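A.B. asks: Input upload_13.cif, format and content: mmCIF, N, CA and C atoms.
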data_final
loop_
_atom_site.label_atom_id
_atom_site.label_comp_id
_atom_site.auth_asym_id
_atom_site.auth_seq_id
_atom_site.Cartn_x
_atom_site.Cartn_y
_atom_site.Cartn_z
N MET A 1 -22.50 -3.06 17.85
CA MET A 1 -21.21 -2.48 18.18
C MET A 1 -21.38 -1.02 18.58
N VAL A 2 -22.18 -0.27 17.82
CA VAL A 2 -22.37 1.15 18.12
C VAL A 2 -22.99 1.33 19.50
N PHE A 3 -24.03 0.53 19.79
CA PHE A 3 -24.68 0.64 21.10
C PHE A 3 -23.74 0.23 22.22
N ALA A 4 -22.98 -0.84 22.00
CA ALA A 4 -22.02 -1.30 23.02
C ALA A 4 -20.97 -0.24 23.29
N CYS A 5 -20.49 0.41 22.25
CA CYS A 5 -19.48 1.45 22.42
C CYS A 5 -20.06 2.67 23.14
N ALA A 6 -21.27 3.04 22.77
CA ALA A 6 -21.91 4.19 23.42
C ALA A 6 -22.12 3.92 24.91
N GLU A 7 -22.49 2.69 25.24
CA GLU A 7 -22.73 2.34 26.63
C GLU A 7 -21.44 2.19 27.44
N ASN A 8 -20.35 1.78 26.78
CA ASN A 8 -19.11 1.45 27.49
C ASN A 8 -18.01 2.50 27.39
N ALA A 9 -18.20 3.50 26.56
CA ALA A 9 -17.14 4.50 26.37
C ALA A 9 -16.94 5.33 27.64
N TRP A 10 -15.69 5.51 28.00
CA TRP A 10 -15.34 6.34 29.14
C TRP A 10 -14.85 7.72 28.67
N GLY A 11 -14.56 7.83 27.38
CA GLY A 11 -14.12 9.10 26.81
C GLY A 11 -12.79 9.00 26.12
N GLY A 12 -12.79 9.24 24.81
CA GLY A 12 -11.56 9.31 24.03
C GLY A 12 -11.08 8.01 23.40
N GLU A 13 -11.76 6.89 23.68
CA GLU A 13 -11.32 5.61 23.11
C GLU A 13 -11.73 5.50 21.64
N LEU A 14 -10.99 4.66 20.92
CA LEU A 14 -11.36 4.25 19.57
C LEU A 14 -11.63 2.75 19.61
N PHE A 15 -12.82 2.35 19.25
CA PHE A 15 -13.20 0.94 19.27
C PHE A 15 -13.01 0.33 17.89
N VAL A 16 -12.41 -0.85 17.84
CA VAL A 16 -12.15 -1.55 16.59
C VAL A 16 -12.76 -2.94 16.70
N PRO A 17 -13.80 -3.22 15.89
CA PRO A 17 -14.43 -4.54 15.99
C PRO A 17 -13.55 -5.64 15.43
N LYS A 18 -13.68 -6.82 15.99
CA LYS A 18 -13.01 -8.01 15.46
C LYS A 18 -13.99 -8.65 14.48
N ILE A 19 -13.78 -8.38 13.20
CA ILE A 19 -14.68 -8.89 12.17
C ILE A 19 -13.88 -9.58 11.08
N PRO A 20 -14.52 -10.50 10.36
CA PRO A 20 -13.81 -11.19 9.29
C PRO A 20 -13.45 -10.25 8.14
N SER A 21 -12.39 -10.59 7.45
CA SER A 21 -12.00 -9.89 6.23
C SER A 21 -12.60 -10.63 5.04
N PHE A 22 -12.54 -10.00 3.87
CA PHE A 22 -12.93 -10.69 2.64
C PHE A 22 -12.17 -10.09 1.48
N LYS A 23 -12.05 -10.89 0.44
CA LYS A 23 -11.40 -10.43 -0.78
C LYS A 23 -12.44 -9.79 -1.68
N ILE A 24 -12.10 -8.68 -2.30
CA ILE A 24 -13.04 -7.99 -3.19
C ILE A 24 -13.41 -8.89 -4.37
N THR A 25 -12.48 -9.76 -4.77
CA THR A 25 -12.80 -10.70 -5.86
C THR A 25 -13.85 -11.71 -5.42
N ASP A 26 -13.83 -12.10 -4.14
CA ASP A 26 -14.87 -13.00 -3.61
C ASP A 26 -16.22 -12.29 -3.56
N LEU A 27 -16.22 -11.02 -3.21
CA LEU A 27 -17.46 -10.26 -3.20
C LEU A 27 -18.03 -10.15 -4.61
N ALA A 28 -17.18 -9.88 -5.57
CA ALA A 28 -17.63 -9.80 -6.97
C ALA A 28 -18.21 -11.14 -7.41
N GLN A 29 -17.57 -12.22 -7.04
CA GLN A 29 -18.06 -13.56 -7.39
C GLN A 29 -19.38 -13.85 -6.69
N ALA A 30 -19.52 -13.40 -5.45
CA ALA A 30 -20.76 -13.63 -4.69
C ALA A 30 -21.94 -12.88 -5.32
N ILE A 31 -21.70 -11.68 -5.77
CA ILE A 31 -22.76 -10.84 -6.33
C ILE A 31 -23.09 -11.20 -7.77
N GLY A 32 -22.07 -11.38 -8.58
CA GLY A 32 -22.29 -11.62 -10.00
C GLY A 32 -21.42 -12.71 -10.57
N PRO A 33 -21.69 -13.96 -10.22
CA PRO A 33 -20.83 -15.05 -10.70
C PRO A 33 -20.84 -15.20 -12.22
N GLU A 34 -21.91 -14.73 -12.87
CA GLU A 34 -22.00 -14.86 -14.32
C GLU A 34 -21.30 -13.71 -15.05
N CYS A 35 -20.90 -12.70 -14.33
CA CYS A 35 -20.25 -11.53 -14.93
C CYS A 35 -18.77 -11.80 -15.20
N GLU A 36 -18.24 -11.08 -16.18
CA GLU A 36 -16.80 -11.14 -16.41
C GLU A 36 -16.12 -10.34 -15.30
N HIS A 37 -15.12 -10.93 -14.68
CA HIS A 37 -14.38 -10.27 -13.61
C HIS A 37 -12.96 -10.00 -14.12
N LYS A 38 -12.83 -8.86 -14.75
CA LYS A 38 -11.55 -8.48 -15.34
C LYS A 38 -10.63 -7.92 -14.25
N ILE A 39 -9.44 -8.45 -14.15
CA ILE A 39 -8.44 -7.97 -13.19
C ILE A 39 -7.66 -6.85 -13.88
N VAL A 40 -7.72 -5.65 -13.30
CA VAL A 40 -7.06 -4.50 -13.91
C VAL A 40 -5.82 -4.06 -13.15
N GLY A 41 -5.57 -4.69 -12.00
CA GLY A 41 -4.39 -4.32 -11.22
C GLY A 41 -4.70 -3.22 -10.22
N ILE A 42 -3.70 -2.89 -9.45
CA ILE A 42 -3.86 -1.87 -8.41
C ILE A 42 -3.73 -0.49 -9.03
N ARG A 43 -4.61 0.40 -8.66
CA ARG A 43 -4.59 1.76 -9.18
C ARG A 43 -3.92 2.69 -8.17
N ALA A 44 -3.49 3.83 -8.63
CA ALA A 44 -2.80 4.79 -7.77
C ALA A 44 -3.64 5.12 -6.54
N GLY A 45 -3.03 5.04 -5.38
CA GLY A 45 -3.71 5.36 -4.13
C GLY A 45 -4.55 4.25 -3.54
N GLU A 46 -4.68 3.15 -4.27
CA GLU A 46 -5.51 2.04 -3.79
C GLU A 46 -4.73 1.19 -2.80
N LYS A 47 -5.42 0.75 -1.75
CA LYS A 47 -4.79 -0.11 -0.74
C LYS A 47 -5.12 -1.56 -1.03
N ILE A 48 -4.18 -2.44 -0.70
CA ILE A 48 -4.42 -3.87 -0.83
C ILE A 48 -5.08 -4.38 0.45
N HIS A 49 -4.67 -3.85 1.59
CA HIS A 49 -5.21 -4.26 2.88
C HIS A 49 -5.56 -3.04 3.71
N GLU A 50 -6.56 -3.20 4.56
CA GLU A 50 -6.96 -2.14 5.48
C GLU A 50 -6.30 -2.38 6.82
N GLU A 51 -5.60 -1.38 7.34
CA GLU A 51 -4.93 -1.50 8.63
C GLU A 51 -5.74 -0.71 9.66
N MET A 52 -6.36 -1.45 10.58
CA MET A 52 -7.20 -0.81 11.59
C MET A 52 -6.41 -0.40 12.83
N ILE A 53 -5.41 -1.19 13.20
CA ILE A 53 -4.56 -0.86 14.35
C ILE A 53 -3.11 -0.97 13.89
N THR A 54 -2.36 0.10 14.03
CA THR A 54 -0.96 0.10 13.62
C THR A 54 -0.07 -0.35 14.78
N ALA A 55 1.14 -0.73 14.46
CA ALA A 55 2.10 -1.14 15.50
C ALA A 55 2.34 -0.02 16.50
N SER A 56 2.31 1.22 16.04
CA SER A 56 2.53 2.33 16.97
C SER A 56 1.34 2.54 17.90
N ASP A 57 0.16 2.02 17.53
CA ASP A 57 -1.01 2.07 18.42
C ASP A 57 -0.96 1.00 19.50
N SER A 58 -0.08 0.01 19.34
CA SER A 58 -0.07 -1.13 20.26
C SER A 58 0.22 -0.73 21.71
N PHE A 59 0.88 0.38 21.91
CA PHE A 59 1.24 0.82 23.26
C PHE A 59 0.01 1.18 24.10
N THR A 60 -1.09 1.53 23.42
CA THR A 60 -2.31 1.92 24.13
C THR A 60 -3.53 1.12 23.68
N THR A 61 -3.30 -0.05 23.09
CA THR A 61 -4.40 -0.88 22.60
C THR A 61 -4.64 -2.06 23.53
N TYR A 62 -5.90 -2.27 23.85
CA TYR A 62 -6.31 -3.36 24.74
C TYR A 62 -7.32 -4.25 24.03
N ASP A 63 -7.25 -5.53 24.36
CA ASP A 63 -8.21 -6.50 23.85
C ASP A 63 -9.34 -6.60 24.86
N LEU A 64 -10.56 -6.33 24.39
CA LEU A 64 -11.73 -6.39 25.26
C LEU A 64 -12.66 -7.55 24.88
N GLY A 65 -12.15 -8.52 24.18
CA GLY A 65 -12.97 -9.67 23.80
C GLY A 65 -13.51 -9.56 22.40
N LYS A 66 -14.69 -8.95 22.25
CA LYS A 66 -15.31 -8.82 20.93
C LYS A 66 -14.69 -7.71 20.09
N TYR A 67 -13.95 -6.84 20.74
CA TYR A 67 -13.32 -5.75 20.01
C TYR A 67 -12.04 -5.31 20.71
N TYR A 68 -11.24 -4.53 19.98
CA TYR A 68 -10.06 -3.88 20.53
C TYR A 68 -10.45 -2.45 20.84
N VAL A 69 -9.72 -1.85 21.76
CA VAL A 69 -9.92 -0.44 22.06
C VAL A 69 -8.55 0.23 22.13
N ILE A 70 -8.44 1.34 21.41
CA ILE A 70 -7.23 2.15 21.45
C ILE A 70 -7.53 3.31 22.40
N LEU A 71 -6.82 3.32 23.50
CA LEU A 71 -7.09 4.33 24.52
C LEU A 71 -6.33 5.62 24.21
N PRO A 72 -6.84 6.74 24.72
CA PRO A 72 -6.12 8.00 24.52
C PRO A 72 -4.76 7.97 25.21
N GLN A 73 -3.80 8.73 24.68
CA GLN A 73 -2.47 8.80 25.27
C GLN A 73 -2.53 9.25 26.73
N ILE A 74 -3.39 10.21 27.00
CA ILE A 74 -3.57 10.72 28.36
C ILE A 74 -5.06 10.63 28.69
N PRO A 75 -5.48 9.51 29.27
CA PRO A 75 -6.91 9.36 29.58
C PRO A 75 -7.34 10.32 30.68
N ILE A 76 -8.63 10.65 30.66
CA ILE A 76 -9.19 11.55 31.67
C ILE A 76 -9.75 10.77 32.86
N TRP A 77 -9.51 9.48 32.88
CA TRP A 77 -9.97 8.59 33.93
C TRP A 77 -8.82 7.69 34.35
N ASP A 78 -9.00 6.93 35.40
CA ASP A 78 -7.95 6.08 35.93
C ASP A 78 -7.80 4.82 35.08
N LEU A 79 -6.61 4.61 34.53
CA LEU A 79 -6.35 3.47 33.65
C LEU A 79 -6.54 2.14 34.36
N ALA A 80 -6.09 2.04 35.59
CA ALA A 80 -6.23 0.79 36.35
C ALA A 80 -7.71 0.43 36.55
N ASP A 81 -8.53 1.44 36.80
CA ASP A 81 -9.97 1.20 36.94
C ASP A 81 -10.58 0.69 35.63
N TYR A 82 -10.14 1.28 34.53
CA TYR A 82 -10.63 0.88 33.20
C TYR A 82 -10.27 -0.58 32.92
N ILE A 83 -9.01 -0.92 33.16
CA ILE A 83 -8.52 -2.29 32.90
C ILE A 83 -9.31 -3.29 33.76
N LYS A 84 -9.50 -2.96 35.01
CA LYS A 84 -10.23 -3.86 35.90
C LYS A 84 -11.70 -3.98 35.49
N HIS A 85 -12.33 -2.87 35.17
CA HIS A 85 -13.75 -2.85 34.81
C HIS A 85 -14.03 -3.72 33.58
N PHE A 86 -13.17 -3.65 32.56
CA PHE A 86 -13.39 -4.37 31.31
C PHE A 86 -12.58 -5.66 31.18
N ASN A 87 -11.81 -5.98 32.22
CA ASN A 87 -10.88 -7.11 32.14
C ASN A 87 -10.02 -6.98 30.87
N ALA A 88 -9.55 -5.78 30.64
CA ALA A 88 -8.80 -5.44 29.43
C ALA A 88 -7.40 -6.04 29.47
N LYS A 89 -6.97 -6.55 28.34
CA LYS A 89 -5.64 -7.14 28.20
C LYS A 89 -4.84 -6.32 27.19
N LEU A 90 -3.72 -5.79 27.63
CA LEU A 90 -2.85 -5.03 26.73
C LEU A 90 -2.33 -5.95 25.64
N VAL A 91 -2.43 -5.51 24.38
CA VAL A 91 -1.91 -6.32 23.28
C VAL A 91 -0.38 -6.26 23.31
N PRO A 92 0.31 -7.22 22.69
CA PRO A 92 1.78 -7.18 22.67
C PRO A 92 2.30 -5.95 21.93
N TYR A 93 3.43 -5.45 22.37
CA TYR A 93 4.06 -4.32 21.67
C TYR A 93 4.37 -4.73 20.24
N GLY A 94 4.05 -3.85 19.31
CA GLY A 94 4.26 -4.14 17.89
C GLY A 94 3.06 -4.79 17.23
N PHE A 95 2.02 -5.12 18.01
CA PHE A 95 0.80 -5.73 17.46
C PHE A 95 0.19 -4.80 16.43
N ASN A 96 -0.31 -5.38 15.35
CA ASN A 96 -1.14 -4.62 14.42
C ASN A 96 -2.28 -5.50 13.96
N TYR A 97 -3.35 -4.88 13.54
CA TYR A 97 -4.56 -5.59 13.12
C TYR A 97 -4.97 -5.06 11.77
N SER A 98 -4.92 -5.94 10.78
CA SER A 98 -5.27 -5.53 9.43
C SER A 98 -5.96 -6.68 8.71
N SER A 99 -6.50 -6.36 7.54
CA SER A 99 -7.13 -7.41 6.75
C SER A 99 -6.10 -8.41 6.26
N PHE A 100 -4.85 -8.04 6.26
CA PHE A 100 -3.78 -8.95 5.83
C PHE A 100 -3.54 -10.06 6.85
N ASN A 101 -3.49 -9.70 8.13
CA ASN A 101 -3.15 -10.70 9.14
C ASN A 101 -4.36 -11.19 9.94
N ASN A 102 -5.55 -10.90 9.46
CA ASN A 102 -6.77 -11.36 10.12
C ASN A 102 -6.88 -12.87 9.96
N SER A 103 -7.24 -13.57 11.02
CA SER A 103 -7.35 -15.03 10.96
C SER A 103 -8.74 -15.48 10.50
N GLU A 104 -9.70 -14.57 10.46
CA GLU A 104 -11.05 -14.91 10.04
C GLU A 104 -11.36 -14.29 8.69
N TRP A 105 -11.84 -15.12 7.75
CA TRP A 105 -12.14 -14.66 6.39
C TRP A 105 -13.52 -15.13 5.95
N GLU A 106 -14.24 -14.24 5.26
CA GLU A 106 -15.52 -14.62 4.65
C GLU A 106 -15.23 -15.36 3.36
N SER A 107 -16.13 -16.27 3.00
CA SER A 107 -16.05 -17.00 1.73
C SER A 107 -17.10 -16.44 0.78
N VAL A 108 -17.09 -16.88 -0.46
CA VAL A 108 -18.12 -16.45 -1.41
C VAL A 108 -19.50 -16.82 -0.86
N GLU A 109 -19.64 -18.02 -0.35
CA GLU A 109 -20.94 -18.46 0.18
C GLU A 109 -21.35 -17.67 1.42
N SER A 110 -20.42 -17.40 2.33
CA SER A 110 -20.79 -16.64 3.53
C SER A 110 -21.13 -15.19 3.17
N LEU A 111 -20.49 -14.63 2.15
CA LEU A 111 -20.84 -13.28 1.69
C LEU A 111 -22.25 -13.27 1.11
N ARG A 112 -22.59 -14.29 0.34
CA ARG A 112 -23.96 -14.38 -0.20
C ARG A 112 -24.99 -14.45 0.92
N LYS A 113 -24.67 -15.22 1.95
CA LYS A 113 -25.59 -15.34 3.09
C LYS A 113 -25.74 -13.99 3.80
N LEU A 114 -24.65 -13.26 3.98
CA LEU A 114 -24.72 -11.93 4.61
C LEU A 114 -25.56 -10.97 3.77
N ILE A 115 -25.40 -11.01 2.46
CA ILE A 115 -26.20 -10.15 1.57
C ILE A 115 -27.68 -10.49 1.73
N LEU A 116 -27.99 -11.78 1.71
CA LEU A 116 -29.38 -12.24 1.85
C LEU A 116 -29.98 -11.81 3.19
N GLU A 117 -29.23 -11.93 4.27
CA GLU A 117 -29.72 -11.61 5.61
C GLU A 117 -29.78 -10.11 5.91
N ASN A 118 -28.84 -9.32 5.33
CA ASN A 118 -28.70 -7.93 5.75
C ASN A 118 -28.98 -6.88 4.68
N VAL A 119 -29.01 -7.29 3.41
CA VAL A 119 -29.14 -6.31 2.35
C VAL A 119 -30.40 -6.53 1.52
N ASP A 120 -30.56 -7.76 1.03
CA ASP A 120 -31.66 -8.05 0.11
C ASP A 120 -32.19 -9.45 0.38
N SER A 121 -33.36 -9.53 1.02
CA SER A 121 -33.94 -10.83 1.39
C SER A 121 -34.37 -11.65 0.17
N GLU A 122 -34.37 -11.03 -1.01
CA GLU A 122 -34.72 -11.76 -2.23
C GLU A 122 -33.50 -12.06 -3.10
N PHE A 123 -32.32 -11.81 -2.57
CA PHE A 123 -31.07 -12.04 -3.31
C PHE A 123 -30.92 -13.52 -3.66
N LYS A 124 -30.68 -13.78 -4.93
CA LYS A 124 -30.46 -15.15 -5.40
C LYS A 124 -29.33 -15.14 -6.41
N VAL A 125 -28.58 -16.20 -6.41
CA VAL A 125 -27.50 -16.35 -7.39
C VAL A 125 -27.73 -17.60 -8.18
#
Written as structure tokens, how would this file's structure read?
C.D. replies:
Amino acid sequence: MVFACAENAWGGELFVPKIPSFKITDLAQAIGPECEHKIVGIRAGEKIHEEMITASDSFTTYDLGKYYVILPQIPIWDLADYIKHFNAKLVPYGFNYSSFNNSEWESVESLRKLILENVDSEFKV
């Protein structure tokens, strides 16, 4: 994603990857299924969901396939050229993208696989 953004950035955009969400309780279960998982509730300032694109960003947000891009209010390049170059599709007005409304979710098993592949090749549960 970082390399793709560096290669494709025209200046001022914010790139938002389309990635699966997961529940913190599933992550805890994936890492330590034998541990006690005490639910303590939400603490002050804690978020339940992460909002990557707000409804107010929808006016300048485009779908580029593998990721969304939030364009600057006043781009320094031609918007029509950008849209044509990336085959960009404007998201609907009021669109938002958060872990709450994400259609893709990791499971306990898929989280374990990600840990094994990306964090610790000797990870076992």
A.B. asks: What does the distance from CA of Gly11 in chain A to atom N of Ile76 in chain A come to in Å, to one decimal?
C.D. replies: 6.9 Å
A.B. asks: Name the residues in contact with range 24-28 of chain A at a cut-off of 7 Å, using only C-alpha atoms, excluding same-chain residues fewer than 4 positions from it; report them as a PyMOL selection string.
C.D. replies: chain A and resi 32+107-108+111
A.B. asks: Name the residues of chain A that fall into helix (DSSP H, G or I) according to DSSP on the backbone, using the chain letters and numbers of this document, as number ranges by chain.
C.D. replies: A: 2-8, 24-31, 55-60, 79-86, 108-118
A.B. asks: Taking the file as shown, find all residues satisfying the PyMOL selection byres ((chain A and resi 98) around 6) and write them as a PDB file with N, CA and C atoms, keeping the file's coordinate frame.
C.D. replies:
ATOM      1  N   GLU A  50      -6.560  -3.200   4.560  1.00  0.00           N
ATOM      2  CA  GLU A  50      -6.960  -2.140   5.480  1.00  0.00           C
ATOM      3  C   GLU A  50      -6.300  -2.380   6.820  1.00  0.00           C
ATOM      4  N   GLU A  51      -5.600  -1.380   7.340  1.00  0.00           N
ATOM      5  CA  GLU A  51      -4.930  -1.500   8.630  1.00  0.00           C
ATOM      6  C   GLU A  51      -5.740  -0.710   9.660  1.00  0.00           C
ATOM      7  N   MET A  52      -6.360  -1.450  10.580  1.00  0.00           N
ATOM      8  CA  MET A  52      -7.200  -0.810  11.590  1.00  0.00           C
ATOM      9  C   MET A  52      -6.410  -0.400  12.830  1.00  0.00           C
ATOM     10  N   ILE A  53      -5.410  -1.190  13.200  1.00  0.00           N
ATOM     11  CA  ILE A  53      -4.560  -0.860  14.350  1.00  0.00           C
ATOM     12  C   ILE A  53      -3.110  -0.970  13.890  1.00  0.00           C
ATOM     13  N   ASN A  96      -0.310  -5.380  15.350  1.00  0.00           N
ATOM     14  CA  ASN A  96      -1.140  -4.620  14.420  1.00  0.00           C
ATOM     15  C   ASN A  96      -2.280  -5.500  13.960  1.00  0.00           C
ATOM     16  N   TYR A  97      -3.350  -4.880  13.540  1.00  0.00           N
ATOM     17  CA  TYR A  97      -4.560  -5.590  13.120  1.00  0.00           C
ATOM     18  C   TYR A  97      -4.970  -5.060  11.770  1.00  0.00           C
ATOM     19  N   SER A  99      -6.500  -6.360   7.540  1.00  0.00           N
ATOM     20  CA  SER A  99      -7.130  -7.410   6.750  1.00  0.00           C
ATOM     21  C   SER A  99      -6.100  -8.410   6.260  1.00  0.00           C
ATOM     22  N   PHE A 100      -4.850  -8.040   6.260  1.00  0.00           N
ATOM     23  CA  PHE A 100      -3.780  -8.950   5.830  1.00  0.00           C
ATOM     24  C   PHE A 100      -3.540 -10.060   6.850  1.00  0.00           C
ATOM     25  N   ASN A 101      -3.490  -9.700   8.130  1.00  0.00           N
ATOM     26  CA  ASN A 101      -3.150 -10.700   9.140  1.00  0.00           C
ATOM     27  C   ASN A 101      -4.360 -11.190   9.940  1.00  0.00           C
ATOM     28  N   ASN A 102      -5.550 -10.900   9.460  1.00  0.00           N
ATOM     29  CA  ASN A 102      -6.770 -11.360  10.120  1.00  0.00           C
ATOM     30  C   ASN A 102      -6.880 -12.870   9.960  1.00  0.00           C
TER      31      ASN A 102
END
A.B. asks: Translate the PyMOL selection byres ((chain A and resi 65) around 7), as applied to the file shown, into an explicit residue set as a list in words.
C.D. replies: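 That selection, the PyMOL selection byres ((chain A and resi 65) around 7), comes back as Lys18, Tyr62, Asp63, Leu64, Lys66, Tyr67, Tyr68, Ala88 and Lys89 of chain A.
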A.B. asks: Can you list, as a ChimeraX atom specification, all residues belonging to chain A that DSSP tags as strand (DSSP E)?
C.D. replies: /A:14-17,51-53,61-63,67-70,89-90,97-98
A.B. asks: When you look at Phe59 in chain A with a cut-off of 7 Å (counting all atoms listed in the file), what residues show up, excluding the ones that are within fewer than 6 positions of it in the same chain? I need them as a PDB file with N, CA and C atoms, in the frame of the given file.
C.D. replies:
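That gives us around34.pdb:
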ATOM      1  N   VAL A  91      -2.430  -5.510  24.380  1.00  0.00           N
ATOM      2  CA  VAL A  91      -1.910  -6.320  23.280  1.00  0.00           C
ATOM      3  C   VAL A  91      -0.380  -6.260  23.310  1.00  0.00           C
ATOM      4  N   PRO A  92       0.310  -7.220  22.690  1.00  0.00           N
ATOM      5  CA  PRO A  92       1.780  -7.180  22.670  1.00  0.00           C
ATOM      6  C   PRO A  92       2.300  -5.950  21.930  1.00  0.00           C
ATOM      7  N   TYR A  93       3.430  -5.450  22.370  1.00  0.00           N
ATOM      8  CA  TYR A  93       4.060  -4.320  21.670  1.00  0.00           C
ATOM      9  C   TYR A  93       4.370  -4.730  20.240  1.00  0.00           C
ATOM     10  N   GLY A  94       4.050  -3.850  19.310  1.00  0.00           N
ATOM     11  CA  GLY A  94       4.260  -4.140  17.890  1.00  0.00           C
ATOM     12  C   GLY A  94       3.060  -4.790  17.230  1.00  0.00           C
ATOM     13  N   PHE A  95       2.020  -5.120  18.010  1.00  0.00           N
ATOM     14  CA  PHE A  95       0.800  -5.730  17.460  1.00  0.00           C
ATOM     15  C   PHE A  95       0.190  -4.800  16.430  1.00  0.00           C
TER      16      PHE A  95
END
A.B. asks: Just how far from atom C of Ser21 in chain A is atom N of Val40 in chain A, in Å to one decimal?
C.D. replies: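 Computing it gives 19.6 Å between the two atoms.
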A.B. asks: Could you write out as a PyMOL selection string the residues that the PyMOL selection byres (((chain A and resi 2 and name CA) around 12) and name CA) matches in the shown file?
C.D. replies: chain A and resi 1+3-9+14-17+67
A.B. asks: Please write the residues from the selection above to a file, keeping N, CA and C atoms, as a PDB file, keeping the file's coordinate frame.
C.D. replies:
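And here is the file that came out, again-v7.pdb:
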ATOM      1  N   MET A   1     -22.500  -3.060  17.850  1.00  0.00           N
ATOM      2  CA  MET A   1     -21.210  -2.480  18.180  1.00  0.00           C
ATOM      3  C   MET A   1     -21.380  -1.020  18.580  1.00  0.00           C
ATOM      4  N   PHE A   3     -24.030   0.530  19.790  1.00  0.00           N
ATOM      5  CA  PHE A   3     -24.680   0.640  21.100  1.00  0.00           C
ATOM      6  C   PHE A   3     -23.740   0.230  22.220  1.00  0.00           C
ATOM      7  N   ALA A   4     -22.980  -0.840  22.000  1.00  0.00           N
ATOM      8  CA  ALA A   4     -22.020  -1.300  23.020  1.00  0.00           C
ATOM      9  C   ALA A   4     -20.970  -0.240  23.290  1.00  0.00           C
ATOM     10  N   CYS A   5     -20.490   0.410  22.250  1.00  0.00           N
ATOM     11  CA  CYS A   5     -19.480   1.450  22.420  1.00  0.00           C
ATOM     12  C   CYS A   5     -20.060   2.670  23.140  1.00  0.00           C
ATOM     13  N   ALA A   6     -21.270   3.040  22.770  1.00  0.00           N
ATOM     14  CA  ALA A   6     -21.910   4.190  23.420  1.00  0.00           C
ATOM     15  C   ALA A   6     -22.120   3.920  24.910  1.00  0.00           C
ATOM     16  N   GLU A   7     -22.490   2.690  25.240  1.00  0.00           N
ATOM     17  CA  GLU A   7     -22.730   2.340  26.630  1.00  0.00           C
ATOM     18  C   GLU A   7     -21.440   2.190  27.440  1.00  0.00           C
ATOM     19  N   ASN A   8     -20.350   1.780  26.780  1.00  0.00           N
ATOM     20  CA  ASN A   8     -19.110   1.450  27.490  1.00  0.00           C
ATOM     21  C   ASN A   8     -18.010   2.500  27.390  1.00  0.00           C
ATOM     22  N   ALA A   9     -18.200   3.500  26.560  1.00  0.00           N
ATOM     23  CA  ALA A   9     -17.140   4.500  26.370  1.00  0.00           C
ATOM     24  C   ALA A   9     -16.940   5.330  27.640  1.00  0.00           C
ATOM     25  N   LEU A  14     -10.990   4.660  20.920  1.00  0.00           N
ATOM     26  CA  LEU A  14     -11.360   4.250  19.570  1.00  0.00           C
ATOM     27  C   LEU A  14     -11.630   2.750  19.610  1.00  0.00           C
ATOM     28  N   PHE A  15     -12.820   2.350  19.250  1.00  0.00           N
ATOM     29  CA  PHE A  15     -13.200   0.940  19.270  1.00  0.00           C
ATOM     30  C   PHE A  15     -13.010   0.330  17.890  1.00  0.00           C
ATOM     31  N   VAL A  16     -12.410  -0.850  17.840  1.00  0.00           N
ATOM     32  CA  VAL A  16     -12.150  -1.550  16.590  1.00  0.00           C
ATOM     33  C   VAL A  16     -12.760  -2.940  16.700  1.00  0.00           C
ATOM     34  N   PRO A  17     -13.800  -3.220  15.890  1.00  0.00           N
ATOM     35  CA  PRO A  17     -14.430  -4.540  15.990  1.00  0.00           C
ATOM     36  C   PRO A  17     -13.550  -5.640  15.430  1.00  0.00           C
ATOM     37  N   TYR A  67     -13.950  -6.840  20.740  1.00  0.00           N
ATOM     38  CA  TYR A  67     -13.320  -5.750  20.010  1.00  0.00           C
ATOM     39  C   TYR A  67     -12.040  -5.310  20.710  1.00  0.00           C
TER      40      TYR A  67
END
A.B. asks: For the atom pair CA of Glu104 in chain A and CA of Phe22 in chain A, what is the interatomic distance in Å to one decimal place?
C.D. replies: 8.7 Å
A.B. asks: Check the smallest atom-to-atom distance from each of A:Asp57, A:Gln29, A:Leu116, A:Ser110 to Ile70 in chain A using all atoms listed in the file, then report the winner.
C.D. replies: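 Ranked by minimum distance to Ile70 in chain A, first place goes to A:Asp57.
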A.B. asks: Using all atoms listed in the file, pick whichever of A:Leu71, A:His49, A:Ala44, A:Cys35 has the shortest atom-to-atom distance to Gly12 in chain A.
C.D. replies: A:Leu71
